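Structure below is final.tsv: TSV, C-alpha atoms and all ligand atoms.
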```
chain	number	residue	atom	x	y	z
A	1	MET	CA	0.00	0.00	0.00
A	2	THR	CA	1.43	3.39	-0.89
A	3	SER	CA	1.33	5.98	1.83
A	4	PRO	CA	-0.67	9.14	1.27
A	5	ALA	CA	1.49	12.26	0.98
A	6	LEU	CA	0.22	13.43	4.36
A	7	THR	CA	-1.31	11.43	7.18
A	8	ALA	CA	-2.78	12.42	10.52
A	9	THR	CA	-2.92	9.21	12.50
A	10	VAL	CA	-5.51	9.55	15.26
A	11	ASP	CA	-5.33	7.07	18.11
A	12	LEU	CA	-8.90	6.54	19.27
A	13	GLY	CA	-7.61	4.40	22.12
A	14	ALA	CA	-5.77	7.47	23.41
A	15	ILE	CA	-8.96	9.52	23.10
A	16	ALA	CA	-10.89	6.89	25.05
A	17	HIS	CA	-8.17	6.88	27.72
A	18	ASN	CA	-8.33	10.69	27.97
A	19	VAL	CA	-12.10	10.60	28.51
A	20	GLY	CA	-11.43	8.27	31.42
A	21	VAL	CA	-8.82	10.65	32.84
A	22	LEU	CA	-11.31	13.54	32.65
A	23	ARG	CA	-14.11	11.59	34.30
A	24	ALA	CA	-11.83	10.49	37.12
A	25	ALA	CA	-10.29	13.91	37.70
A	26	SER	CA	-13.57	15.82	37.68
A	27	GLY	CA	-15.84	13.23	39.24
A	28	ALA	CA	-18.46	14.30	36.71
A	29	ASP	CA	-19.93	13.16	33.41
A	30	VAL	CA	-18.24	14.42	30.27
A	31	MET	CA	-19.65	16.50	27.45
A	32	ALA	CA	-16.86	16.03	24.91
A	33	VAL	CA	-16.34	19.08	22.72
A	34	VAL	CA	-16.00	18.01	19.07
A	35	LYS	CA	-16.29	21.42	17.38
A	36	ALA	CA	-14.06	22.35	14.45
A	37	ASP	CA	-13.96	18.76	13.20
A	38	ALA	CA	-12.95	17.60	16.68
A	39	TYR	CA	-10.04	20.04	16.80
A	40	GLY	CA	-8.89	18.67	13.45
A	41	HIS	CA	-9.10	15.00	14.52
A	42	GLY	CA	-12.33	14.15	12.64
A	43	ALA	CA	-15.69	14.81	14.30
A	44	LEU	CA	-17.50	11.58	13.52
A	45	PRO	CA	-14.88	8.98	14.48
A	46	VAL	CA	-14.04	11.01	17.59
A	47	ALA	CA	-17.73	11.34	18.51
A	48	ARG	CA	-18.18	7.59	18.26
A	49	ALA	CA	-15.02	6.92	20.26
A	50	VAL	CA	-15.80	9.30	23.12
A	51	LEU	CA	-19.34	8.01	23.47
A	52	ALA	CA	-18.10	4.41	23.46
A	53	ALA	CA	-15.61	5.46	26.15
A	54	GLY	CA	-18.36	6.76	28.42
A	55	ALA	CA	-18.78	10.42	27.50
A	56	ALA	CA	-22.42	11.32	28.12
A	57	GLU	CA	-22.87	14.14	25.62
A	58	LEU	CA	-21.26	16.09	22.80
A	59	GLY	CA	-20.71	19.83	22.39
A	60	VAL	CA	-20.14	21.83	19.20
A	61	ALA	CA	-20.15	25.48	18.21
A	62	HIS	CA	-22.41	25.56	15.13
A	63	LEU	CA	-25.77	23.91	14.51
A	64	THR	CA	-24.38	22.71	11.17
A	65	GLU	CA	-21.78	20.69	13.07
A	66	ALA	CA	-24.52	19.16	15.23
A	67	ALA	CA	-26.68	18.40	12.17
A	68	ALA	CA	-23.80	16.55	10.48
A	69	LEU	CA	-23.37	14.34	13.55
A	70	ARG	CA	-27.11	13.59	13.69
A	71	ALA	CA	-27.19	12.83	9.97
A	72	ALA	CA	-24.39	10.32	10.54
A	73	GLY	CA	-26.48	8.54	13.18
A	74	ILE	CA	-25.13	9.97	16.43
A	75	ASP	CA	-28.12	9.98	18.79
A	76	ALA	CA	-26.44	11.18	22.01
A	77	PRO	CA	-27.35	14.62	23.39
A	78	ILE	CA	-25.58	17.36	21.39
A	79	THR	CA	-25.42	21.00	22.47
A	80	ALA	CA	-24.50	23.79	20.02
A	81	TRP	CA	-23.70	27.27	21.32
A	82	LEU	CA	-22.79	29.68	18.54
A	83	HIS	CA	-25.53	30.97	16.28
A	84	THR	CA	-25.64	33.70	13.68
A	85	PRO	CA	-28.81	35.38	12.44
A	86	GLY	CA	-30.70	33.03	10.13
A	87	ALA	CA	-29.36	29.88	11.86
A	88	ASP	CA	-31.54	26.83	11.18
A	89	PHE	CA	-33.32	26.56	14.51
A	90	ALA	CA	-36.22	24.60	12.97
A	91	GLY	CA	-33.76	21.97	11.74
A	92	ALA	CA	-32.10	21.85	15.14
A	93	ILE	CA	-35.48	21.36	16.83
A	94	ALA	CA	-36.32	18.54	14.40
A	95	ASP	CA	-32.94	16.92	15.18
A	96	GLY	CA	-33.38	17.31	18.94
A	97	ILE	CA	-30.24	19.43	19.26
A	98	ASP	CA	-29.92	21.37	22.53
A	99	ILE	CA	-29.69	25.00	21.42
A	100	ALA	CA	-27.61	27.08	23.84
A	101	LEU	CA	-29.01	30.61	23.83
A	102	SER	CA	-26.97	33.78	24.24
A	103	SER	CA	-29.62	36.48	23.83
A	104	ILE	CA	-33.30	37.35	23.90
A	105	SER	CA	-33.30	37.67	20.12
A	106	GLN	CA	-32.00	34.09	19.80
A	107	LEU	CA	-34.68	32.96	22.26
A	108	ASP	CA	-37.37	34.75	20.22
A	109	ALA	CA	-36.15	33.11	17.01
A	110	VAL	CA	-36.17	29.67	18.65
A	111	ILE	CA	-39.67	30.20	20.06
A	112	ALA	CA	-40.86	31.27	16.59
A	113	ALA	CA	-39.28	28.14	15.06
A	114	ALA	CA	-40.95	26.00	17.74
A	115	HIS	CA	-44.35	27.51	16.94
A	116	ARG	CA	-43.76	27.06	13.20
A	117	THR	CA	-42.80	23.42	13.53
A	118	GLY	CA	-45.25	22.58	16.30
A	119	ARG	CA	-42.44	21.09	18.39
A	120	SER	CA	-40.82	22.11	21.63
A	121	ALA	CA	-37.17	23.25	21.43
A	122	VAL	CA	-34.59	21.89	23.86
A	123	VAL	CA	-32.51	24.82	25.10
A	124	THR	CA	-29.64	25.75	27.38
A	125	ALA	CA	-29.28	29.16	29.02
A	126	LYS	CA	-25.73	30.20	28.18
A	127	VAL	CA	-24.94	32.82	30.77
A	128	ASP	CA	-22.22	35.43	30.37
A	129	THR	CA	-20.63	35.27	33.81
A	130	GLY	CA	-17.53	37.26	32.94
A	131	LEU	CA	-15.98	36.08	29.67
A	132	ASN	CA	-17.82	38.84	27.81
A	133	ARG	CA	-17.89	36.79	24.65
A	134	SER	CA	-21.07	34.82	23.99
A	135	GLY	CA	-23.68	34.14	26.65
A	136	VAL	CA	-26.62	36.22	27.82
A	137	ALA	CA	-25.31	39.63	28.82
A	138	VAL	CA	-25.70	40.81	32.39
A	139	ASP	CA	-28.09	43.63	31.42
A	140	GLU	CA	-30.35	41.20	29.53
A	141	TRP	CA	-30.32	38.42	32.08
A	142	ALA	CA	-33.39	39.27	34.19
A	143	ASP	CA	-35.56	39.77	31.12
A	144	PHE	CA	-34.13	36.68	29.40
A	145	ALA	CA	-34.73	34.53	32.48
A	146	GLU	CA	-38.37	35.59	32.73
A	147	ARG	CA	-39.01	35.01	29.06
A	148	VAL	CA	-37.28	31.63	28.85
A	149	ALA	CA	-39.07	30.46	32.00
A	150	LYS	CA	-42.40	31.55	30.55
A	151	ALA	CA	-41.66	29.71	27.29
A	152	HIS	CA	-40.64	26.67	29.35
A	153	VAL	CA	-43.86	26.77	31.32
A	154	ASP	CA	-46.01	27.16	28.18
A	155	GLY	CA	-44.09	24.34	26.48
A	156	SER	CA	-42.56	26.09	23.47
A	157	VAL	CA	-39.13	25.37	24.90
A	158	ALA	CA	-37.82	22.80	27.36
A	159	LEU	CA	-35.06	24.52	29.33
A	160	ARG	CA	-32.72	21.59	29.91
A	161	ALA	CA	-29.43	23.14	30.95
A	162	ALA	CA	-27.49	26.18	32.09
A	163	MET	CA	-23.84	26.80	31.22
A	164	CYS	CA	-21.09	29.37	31.27
A	165	HIS	CA	-17.54	29.44	29.95
A	166	LEU	CA	-14.47	30.38	31.97
A	167	ALA	CA	-12.18	33.25	31.01
A	168	ARG	CA	-9.22	32.05	33.08
A	169	GLY	CA	-9.76	28.31	33.38
A	170	ASP	CA	-6.07	27.80	32.61
A	171	GLU	CA	-5.21	29.70	35.81
A	172	PRO	CA	-6.89	27.30	38.22
A	173	ASP	CA	-6.47	29.47	41.32
A	174	HIS	CA	-7.64	32.72	39.78
A	175	PRO	CA	-10.57	34.21	41.75
A	176	LEU	CA	-12.49	34.91	38.52
A	177	ASN	CA	-13.16	31.16	38.23
A	178	ASP	CA	-15.01	31.18	41.55
A	179	ALA	CA	-16.82	34.41	40.73
A	180	GLN	CA	-18.03	32.97	37.44
A	181	ALA	CA	-19.26	29.80	39.13
A	182	GLN	CA	-21.11	31.84	41.76
A	183	ARG	CA	-22.79	33.92	39.05
A	184	LEU	CA	-23.90	30.79	37.22
A	185	ASP	CA	-25.25	29.30	40.44
A	186	ALA	CA	-27.21	32.52	40.99
A	187	ALA	CA	-28.59	32.35	37.45
A	188	VAL	CA	-29.67	28.75	38.08
A	189	ALA	CA	-31.42	29.91	41.25
A	190	ASP	CA	-33.25	32.61	39.25
A	191	LEU	CA	-34.46	30.05	36.71
A	192	THR	CA	-35.50	27.66	39.46
A	193	ARG	CA	-37.49	30.38	41.24
A	194	LEU	CA	-39.23	31.14	37.92
A	195	GLY	CA	-40.32	27.50	37.53
A	196	ALA	CA	-37.70	26.43	34.97
A	197	ALA	CA	-35.02	24.63	36.98
A	198	PRO	CA	-32.25	23.40	34.65
A	199	GLN	CA	-31.61	19.66	34.97
A	200	VAL	CA	-28.00	19.93	33.84
A	201	VAL	CA	-25.43	22.59	34.77
A	202	HIS	CA	-21.93	22.84	33.31
A	203	ILE	CA	-18.99	25.21	33.61
A	204	ALA	CA	-15.64	23.48	33.32
A	205	ASN	CA	-13.45	23.42	30.19
A	206	SER	CA	-10.38	21.14	30.04
A	207	PRO	CA	-8.17	22.94	32.56
A	208	ALA	CA	-10.98	23.30	35.09
A	209	ALA	CA	-12.12	19.71	34.58
A	210	LEU	CA	-8.62	18.54	35.49
A	211	THR	CA	-7.78	20.95	38.30
A	212	ARG	CA	-11.04	22.23	39.81
A	213	PRO	CA	-13.40	19.31	40.52
A	214	ASP	CA	-15.24	21.70	42.85
A	215	LEU	CA	-16.39	23.63	39.76
A	216	ALA	CA	-17.82	20.54	38.06
A	217	ARG	CA	-21.58	20.62	38.37
A	218	ASP	CA	-23.43	17.88	36.45
A	219	LEU	CA	-21.05	17.79	33.50
A	220	VAL	CA	-17.61	18.99	32.49
A	221	ARG	CA	-17.10	20.27	28.96
A	222	PRO	CA	-13.52	19.53	27.87
A	223	GLY	CA	-12.11	19.82	24.38
A	224	ILE	CA	-8.32	19.94	24.16
A	225	ALA	CA	-7.73	17.40	26.95
A	226	VAL	CA	-9.88	14.85	25.09
A	227	TYR	CA	-7.24	15.07	22.37
A	228	GLY	CA	-4.52	14.44	24.94
A	229	ARG	CA	-2.95	17.86	25.21
A	230	THR	CA	-2.43	19.32	28.62
A	231	PRO	CA	-4.24	22.63	29.06
A	232	VAL	CA	-2.11	23.60	32.06
A	233	PRO	CA	1.45	22.56	31.22
A	234	ALA	CA	2.74	23.90	34.54
A	235	ARG	CA	0.65	21.25	36.32
A	236	GLY	CA	1.94	18.38	34.17
A	237	ASP	CA	0.25	16.16	31.62
A	238	PHE	CA	-2.31	14.51	33.97
A	239	GLY	CA	-1.58	11.19	32.23
A	240	LEU	CA	-3.23	12.41	29.03
A	241	ILE	CA	-2.03	10.84	25.77
A	242	PRO	CA	-1.78	13.03	22.62
A	243	ALA	CA	-3.98	11.40	20.00
A	244	MET	CA	-2.68	12.85	16.74
A	245	THR	CA	0.58	12.12	14.92
A	246	LEU	CA	1.16	14.13	11.75
A	247	THR	CA	3.44	12.57	9.18
A	248	ALA	CA	4.40	13.52	5.63
A	249	THR	CA	6.14	11.61	2.90
A	250	ILE	CA	9.54	12.56	1.53
A	251	ALA	CA	8.99	13.43	-2.11
A	252	LEU	CA	12.59	13.96	-3.20
A	253	VAL	CA	16.13	13.57	-1.89
A	254	LYS	CA	18.79	15.65	-3.66
A	255	ARG	CA	22.23	17.19	-3.38
A	256	VAL	CA	22.71	20.88	-2.81
A	257	ALA	CA	26.17	22.39	-3.30
A	258	ALA	CA	27.81	24.68	-0.75
A	259	GLY	CA	26.71	28.28	-1.28
A	260	GLN	CA	23.37	27.40	-2.90
A	261	GLY	CA	20.17	28.91	-1.44
A	262	VAL	CA	17.20	26.74	-0.55
A	263	SER	CA	13.52	27.67	-1.11
A	264	TYR	CA	11.98	31.12	-1.64
A	265	SER	CA	14.17	34.13	-1.01
A	266	GLU	CA	17.15	31.86	-0.27
A	267	THR	CA	16.84	32.45	3.45
A	268	TRP	CA	19.12	29.44	4.01
A	269	ILE	CA	22.37	29.01	2.13
A	270	ALA	CA	23.98	25.58	2.31
A	271	PRO	CA	27.15	26.03	4.39
A	272	ARG	CA	28.69	22.89	2.86
A	273	ASP	CA	27.85	20.36	0.23
A	274	THR	CA	24.85	18.55	1.63
A	275	VAL	CA	21.82	16.40	0.91
A	276	VAL	CA	18.29	17.70	1.48
A	277	ALA	CA	14.86	16.06	1.59
A	278	VAL	CA	11.74	17.70	0.22
A	279	VAL	CA	8.83	16.89	2.53
A	280	ALA	CA	5.29	17.04	1.12
A	281	ALA	CA	3.82	19.30	3.80
A	282	GLY	CA	3.35	23.04	3.80
A	283	TYR	CA	1.39	25.83	5.34
A	284	ALA	CA	-1.78	24.83	3.46
A	285	ASP	CA	-1.58	21.60	5.44
A	286	GLY	CA	-1.20	23.33	8.78
A	287	VAL	CA	2.56	23.73	9.09
A	288	PRO	CA	2.85	27.41	10.06
A	289	ARG	CA	5.08	29.42	7.70
A	290	LEU	CA	6.38	31.17	10.81
A	291	LEU	CA	8.16	27.89	11.65
A	292	SER	CA	10.49	28.44	8.68
A	293	GLY	CA	14.02	27.74	9.90
A	294	ARG	CA	12.69	26.55	13.26
A	295	ILE	CA	10.95	23.28	12.50
A	296	ARG	CA	12.58	19.95	13.36
A	297	VAL	CA	11.24	16.69	11.99
A	298	ARG	CA	11.92	13.07	12.89
A	299	ILE	CA	12.84	10.62	10.15
A	300	GLY	CA	13.46	7.15	11.48
A	301	GLU	CA	15.12	7.62	14.84
A	302	ARG	CA	16.83	10.90	14.01
A	303	MET	CA	15.81	14.54	14.16
A	304	PHE	CA	16.61	16.88	11.27
A	305	ASP	CA	16.40	20.65	10.91
A	306	GLY	CA	14.05	22.28	8.44
A	307	VAL	CA	15.88	24.82	6.26
A	308	GLY	CA	14.61	27.77	4.24
A	309	ARG	CA	11.06	28.96	3.84
A	310	ILE	CA	8.13	26.65	4.47
A	311	CYS	CA	6.01	26.83	1.29
A	312	MET	CA	2.34	26.15	0.65
A	313	ASP	CA	2.88	22.49	-0.16
A	314	GLN	CA	6.41	21.58	0.79
A	315	LEU	CA	9.26	22.12	3.17
A	316	VAL	CA	12.94	21.15	2.99
A	317	VAL	CA	15.10	19.49	5.63
A	318	ASP	CA	18.87	19.20	5.72
A	319	LEU	CA	19.99	15.58	5.94
A	320	GLY	CA	23.70	16.40	6.15
A	321	PRO	CA	26.50	15.54	3.71
A	322	ASP	CA	25.96	11.78	3.87
A	323	GLY	CA	22.16	11.94	3.43
A	324	ALA	CA	21.70	9.85	6.60
A	325	GLY	CA	20.31	6.96	4.59
A	326	VAL	CA	17.00	8.78	4.08
A	327	ARG	CA	15.13	7.78	0.91
A	328	GLU	CA	12.29	9.09	-1.17
A	329	GLY	CA	9.05	7.63	0.19
A	330	ASP	CA	10.26	7.59	3.80
A	331	GLN	CA	7.97	9.18	6.37
A	332	ALA	CA	8.85	12.33	8.27
A	333	GLU	CA	7.11	12.77	11.62
A	334	LEU	CA	6.15	16.43	11.96
A	335	PHE	CA	4.56	16.10	15.39
A	336	GLY	CA	3.29	13.29	17.56
A	337	THR	CA	3.08	12.09	21.13
A	338	GLY	CA	6.55	13.38	22.00
A	339	ALA	CA	7.58	9.89	23.09
A	340	SER	CA	11.36	9.39	22.96
A	341	GLY	CA	12.05	13.02	22.18
A	342	GLY	CA	9.94	13.34	19.02
A	343	PRO	CA	8.50	16.68	17.93
A	344	THR	CA	5.18	17.84	19.42
A	345	ALA	CA	2.45	20.29	18.48
A	346	LYS	CA	3.38	22.14	21.65
A	347	ASP	CA	6.95	22.61	20.38
A	348	TRP	CA	5.49	24.34	17.33
A	349	ALA	CA	3.12	26.43	19.40
A	350	ASP	CA	5.88	27.54	21.76
A	351	ALA	CA	8.17	28.40	18.85
A	352	ILE	CA	5.68	30.77	17.26
A	353	GLY	CA	3.88	32.10	20.32
A	354	THR	CA	0.54	30.33	20.05
A	355	ILE	CA	-1.20	27.34	21.67
A	356	ASP	CA	-1.37	23.75	20.47
A	357	TYR	CA	-5.17	24.12	20.07
A	358	GLU	CA	-4.42	26.26	17.02
A	359	ILE	CA	-1.82	23.86	15.65
A	360	VAL	CA	-4.00	20.73	15.67
A	361	SER	CA	-7.15	22.48	14.46
A	362	GLN	CA	-5.26	23.88	11.46
A	363	VAL	CA	-4.30	20.46	10.07
A	364	GLY	CA	-5.59	20.79	6.54
A	365	THR	CA	-8.05	19.01	4.31
A	366	ARG	CA	-5.34	17.36	2.17
A	367	VAL	CA	-4.22	15.40	5.19
A	368	VAL	CA	-5.69	11.88	5.26
A	369	ARG	CA	-6.99	10.99	8.71
A	370	ARG	CA	-6.20	7.44	9.67
A	371	TYR	CA	-7.71	5.91	12.79
A	372	LEU	CA	-6.16	3.43	15.18
A	373	GLY	CA	-7.72	1.53	18.03
A	374	GLU	CA	-11.33	1.36	16.87
A	375	ARG	CA	-11.66	-2.18	18.12
A	376	GLN	CA	-10.20	-1.10	21.44
A	377	VAL	CA	-12.99	1.46	21.91
A	378	GLY	CA	-15.70	-0.94	20.78
A	379	LEU	CA	-16.09	0.34	17.23
A	380	ALA	CA	-16.14	-1.88	14.16
A	381	ALA	CA	-12.93	-2.07	12.13
A	382	GLU	CA	-9.40	-1.87	13.47
A	383	THR	CA	-8.32	0.85	11.07
A	384	THR	CA	-10.19	3.11	8.70
A	385	GLU	CA	-9.15	5.95	6.51
A	386	THR	CA	-11.05	9.00	5.47
A	387	GLY	CA	-9.65	11.31	2.88
A	388	GLN	CA	-11.08	14.75	3.33
B	401	LIG	C1	-14.21	25.25	22.92
B	401	LIG	C2	-15.08	25.29	24.10
B	401	LIG	C3	-14.88	24.37	25.16
B	401	LIG	C4	-13.70	23.44	25.26
B	401	LIG	O1	-12.57	24.17	25.71
B	401	LIG	P1	-11.17	23.44	26.00
B	401	LIG	O2	-10.30	24.51	26.54
B	401	LIG	O3	-10.68	22.92	24.67
B	401	LIG	O4	-11.43	22.36	26.94
B	401	LIG	C5	-15.82	24.36	26.18
B	401	LIG	N1	-16.86	25.22	26.18
B	401	LIG	C6	-17.05	26.13	25.21
B	401	LIG	C7	-18.20	27.06	25.29
B	401	LIG	C8	-16.16	26.22	24.15
B	401	LIG	O5	-16.33	27.14	23.20
```
Please express what this file holds, its structure, as structure tokens.
Amino acid sequence: MTSPALTATVDLGAIAHNVGVLRAASGADVMAVVKADAYGHGALPVARAVLAAGAAELGVAHLTEAAALRAAGIDAPITAWLHTPGADFAGAIADGIDIALSSISQLDAVIAAAHRTGRSAVVTAKVDTGLNRSGVAVDEWADFAERVAKAHVDGSVALRAAMCHLARGDEPDHPLNDAQAQRLDAAVADLTRLGAAPQVVHIANSPAALTRPDLARDLVRPGIAVYGRTPVPARGDFGLIPAMTLTATIALVKRVAAGQGVSYSETWIAPRDTVVAVVAAGYADGVPRLLSGRIRVRIGERMFDGVGRICMDQLVVDLGPDGAGVREGDQAELFGTGASGGPTAKDWADAIGTIDYEIVSQVGTRVVRRYLGERQVGLAAETTETGQ
């Protein structure tokens, strides 16, 4: 079998393990966040794996992401929390998606869709407790609470849940975390007094799920930790296992003479006669161009330096004068679990001043996702591939 040019190997066994770590650390049920194609890992296989591993629910940003999971046969509870005007609330109601509401105008649109379709909408009150991003704003809250409770009582909506999102979850001891939890608890008390007590309350993202079990209410809502990346590096890795390994095939091996420039603008000039490998991965595949001259890749057991500009489709590594025995068709590991000193997504993030969330979610559509461990998590085949 020939290897694809680019492969993201996703270990579903690692994902299942990480769900277990999150349940144990938080003492709560898990709503696994699978937005943005499961942070680049593939929403559907990840959704199946987390549910098989004991996650109770799924969370996404857009209703379109929820609809795709329903269409593929996922029947677990799914909550979606980011809606733009014109969002398909009627479709979400038909699919039984829990619509998290951030404003009175969203509530009105959902009530209208419920009346139009003759069905009750399942909703979550998404409360802005201090992030000042989405969520019902403080100055709208009292009015929102009355209206959603009234709609709950008259049956056009079923208020199932209340949630908020932490601004400083990655600073576990910051007082804002406690203040946000107190504000959500107060909002839940308001809804309860108005006759619409939420059955499910959730606050904690990955860092809070791992470090602040006291903030777990009925569910925790982790994303990045499901994929095995520690959200609070200063507190260690919590036993999480990174699920994605990104590899690319070496397209060419060639000699470059001393004094020759490599790649656009000749930012690297060969200091001696050497041998380089052209790797079939570029910024369109999620390798940040800012890593030019700073990327290191693993080929076999050895690490090699990237040289020159990273291009849209390719990057070049210096193999040294003897070529190190590397051949066309060999695989270069761009990032993986970090086991035995291999490169990690966090190395990339640290090098360019971002977070590994951004690195993994940028892995592009030319990259073939390959899944390991499906049998281990109770899913059908041992390995499947999806080209995207
Ligand atoms: C993305 C997101 C999460 C998951 O955050 P992590 O830091 O990846 O755990 C949880 N809740 C909401 C509202 C989100 O947008």
Next item on the list: Using only C-alpha atoms, determine which residues lie at most 9 Å from segment 141-144 of chain A, disregarding the query and same-chain residues fewer than 6 positions distant; provide the list as a PyMOL selection string.
Entry: chain A and resi 103-104+107+125+127-128+187+190
Proximity of segment 333-380 of chain A to segment 18-39 of chain A: per-residue shortest pair, 12 Å limit, all atoms listed in the file, as CSV:
```
residue,atom,partner,partner_atom,distance
A:Asp356,CA,A:Tyr39,CA,10.1
A:Tyr357,CA,A:Tyr39,CA,7.1
A:Glu358,CA,A:Tyr39,CA,8.4
A:Ile359,CA,A:Tyr39,CA,9.1
A:Val360,CA,A:Tyr39,CA,6.2
A:Ser361,CA,A:Tyr39,CA,4.4
A:Gln362,CA,A:Tyr39,CA,8.1
A:Val363,CA,A:Tyr39,CA,8.9
A:Gly364,CA,A:Asp37,CA,10.9
A:Thr365,CA,A:Asp37,CA,10.7
A:Arg369,CA,A:Asp37,CA,11.4
A:Val377,CA,A:Val19,CA,11.3
```
Checklist line | atom CA of Ala113 of chain A to atom CA of Ala90 of chain A, distance in Å rounded to a single decimal | finding: 5.1 Å
Notebook entry, point to check: For ligand LIG 401 (chain B), which of A:Ile99, A:Leu315, A:Ala67, A:Val226 is the closest residue, counting all atoms listed in the file?
Noted result: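 Nearest to ligand LIG 401 (chain B): A:Val226.
Selection of all polymer residues within 7 Å of ligand LIG 401 (chain B) on the basis of all atoms listed in the file gives Val33, Ala61, Trp81, His165, Asn205, Ser206, Pro207, Arg221, Pro222, Gly223, Ile224, Ala225 and Pro231 of chain A.
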Margin query: Please list as a ChimeraX atom specification every residue within 9 Å of Ala52 of chain A, counting only C-alpha atoms and excluding residues in the same chain fewer than 3 positions away.
Written below: /A:16,47-49,55,377-379
Selection file, C-alpha atoms, as a short mmCIF file (atom, residue, chain, number, x, y, z; two decimals), in the coordinates of the input:
```cif
data_model
loop_
_atom_site.label_atom_id
_atom_site.label_comp_id
_atom_site.auth_asym_id
_atom_site.auth_seq_id
_atom_site.Cartn_x
_atom_site.Cartn_y
_atom_site.Cartn_z
CA ALA A 16 -10.89 6.89 25.05
CA ALA A 47 -17.73 11.34 18.51
CA ARG A 48 -18.18 7.59 18.26
CA ALA A 49 -15.02 6.92 20.26
CA ALA A 55 -18.78 10.42 27.50
CA VAL A 377 -12.99 1.46 21.91
CA GLY A 378 -15.70 -0.94 20.78
CA LEU A 379 -16.09 0.34 17.23
#
```
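Take the candidates A:Arg375, A:Arg235, A:Lys150, A:Lys126 and check each one against Ile203 of chain A using all atoms listed in the file; the shortest distance goes to A:Lys126.
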Notebook entry, point to check: What is the distance, in Å and to one decimal place, between atom CA of Ala208 of chain A and atom CA of Glu171 of chain A?
Noted result: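 Here the two named atoms are 8.6 Å from each other.
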Note to self: For Asp330 of chain A, find every residue with an atom within 7 Å (counting only C-alpha atoms), except residues of its own chain fewer than 4 positions away, and show them as a list in words.
What the structure shows: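 The neighbour list is Thr249, Ile250 and Val326 of chain A.
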Please produce segment 346-357 of chain A, completed to N, CA, C and O atoms, as a PDB file, in the frame of the given file.
```pdb
ATOM      1  N   LYS A 346       3.054  21.096  20.683  1.00  0.00           N
ATOM      2  CA  LYS A 346       3.380  22.140  21.650  1.00  0.00           C
ATOM      3  C   LYS A 346       4.721  22.797  21.317  1.00  0.00           C
ATOM      4  O   LYS A 346       4.875  24.012  21.509  1.00  0.00           O
ATOM      5  N   ASP A 347       5.685  22.008  20.813  1.00  0.00           N
ATOM      6  CA  ASP A 347       6.950  22.610  20.380  1.00  0.00           C
ATOM      7  C   ASP A 347       6.666  23.685  19.326  1.00  0.00           C
ATOM      8  O   ASP A 347       7.244  24.778  19.372  1.00  0.00           O
ATOM      9  N   TRP A 348       5.817  23.366  18.376  1.00  0.00           N
ATOM     10  CA  TRP A 348       5.490  24.340  17.330  1.00  0.00           C
ATOM     11  C   TRP A 348       4.825  25.571  17.939  1.00  0.00           C
ATOM     12  O   TRP A 348       5.173  26.700  17.617  1.00  0.00           O
ATOM     13  N   ALA A 349       3.861  25.314  18.805  1.00  0.00           N
ATOM     14  CA  ALA A 349       3.120  26.430  19.400  1.00  0.00           C
ATOM     15  C   ALA A 349       4.064  27.343  20.181  1.00  0.00           C
ATOM     16  O   ALA A 349       4.027  28.568  20.037  1.00  0.00           O
ATOM     17  N   ASP A 350       4.934  26.733  20.972  1.00  0.00           N
ATOM     18  CA  ASP A 350       5.880  27.540  21.760  1.00  0.00           C
ATOM     19  C   ASP A 350       6.808  28.339  20.850  1.00  0.00           C
ATOM     20  O   ASP A 350       7.127  29.494  21.134  1.00  0.00           O
ATOM     21  N   ALA A 351       7.216  27.726  19.742  1.00  0.00           N
ATOM     22  CA  ALA A 351       8.170  28.400  18.850  1.00  0.00           C
ATOM     23  C   ALA A 351       7.568  29.639  18.214  1.00  0.00           C
ATOM     24  O   ALA A 351       8.280  30.594  17.909  1.00  0.00           O
ATOM     25  N   ILE A 352       6.273  29.632  17.986  1.00  0.00           N
ATOM     26  CA  ILE A 352       5.680  30.770  17.260  1.00  0.00           C
ATOM     27  C   ILE A 352       4.699  31.560  18.127  1.00  0.00           C
ATOM     28  O   ILE A 352       3.982  32.427  17.618  1.00  0.00           O
ATOM     29  N   GLY A 353       4.685  31.279  19.421  1.00  0.00           N
ATOM     30  CA  GLY A 353       3.880  32.100  20.320  1.00  0.00           C
ATOM     31  C   GLY A 353       2.385  31.868  20.228  1.00  0.00           C
ATOM     32  O   GLY A 353       1.585  32.800  20.357  1.00  0.00           O
ATOM     33  N   THR A 354       1.981  30.613  20.013  1.00  0.00           N
ATOM     34  CA  THR A 354       0.540  30.330  20.050  1.00  0.00           C
ATOM     35  C   THR A 354       0.315  29.121  20.957  1.00  0.00           C
ATOM     36  O   THR A 354       1.174  28.782  21.777  1.00  0.00           O
ATOM     37  N   ILE A 355      -0.861  28.496  20.842  1.00  0.00           N
ATOM     38  CA  ILE A 355      -1.200  27.340  21.670  1.00  0.00           C
ATOM     39  C   ILE A 355      -1.441  26.136  20.764  1.00  0.00           C
ATOM     40  O   ILE A 355      -1.789  26.299  19.591  1.00  0.00           O
ATOM     41  N   ASP A 356      -1.248  24.944  21.323  1.00  0.00           N
ATOM     42  CA  ASP A 356      -1.370  23.750  20.470  1.00  0.00           C
ATOM     43  C   ASP A 356      -2.800  23.539  19.965  1.00  0.00           C
ATOM     44  O   ASP A 356      -3.002  22.861  18.959  1.00  0.00           O
ATOM     45  N   TYR A 357      -3.799  24.157  20.597  1.00  0.00           N
ATOM     46  CA  TYR A 357      -5.170  24.120  20.070  1.00  0.00           C
ATOM     47  C   TYR A 357      -5.168  24.581  18.600  1.00  0.00           C
ATOM     48  O   TYR A 357      -5.841  24.023  17.748  1.00  0.00           O
TER      49      TYR A 357
END
```
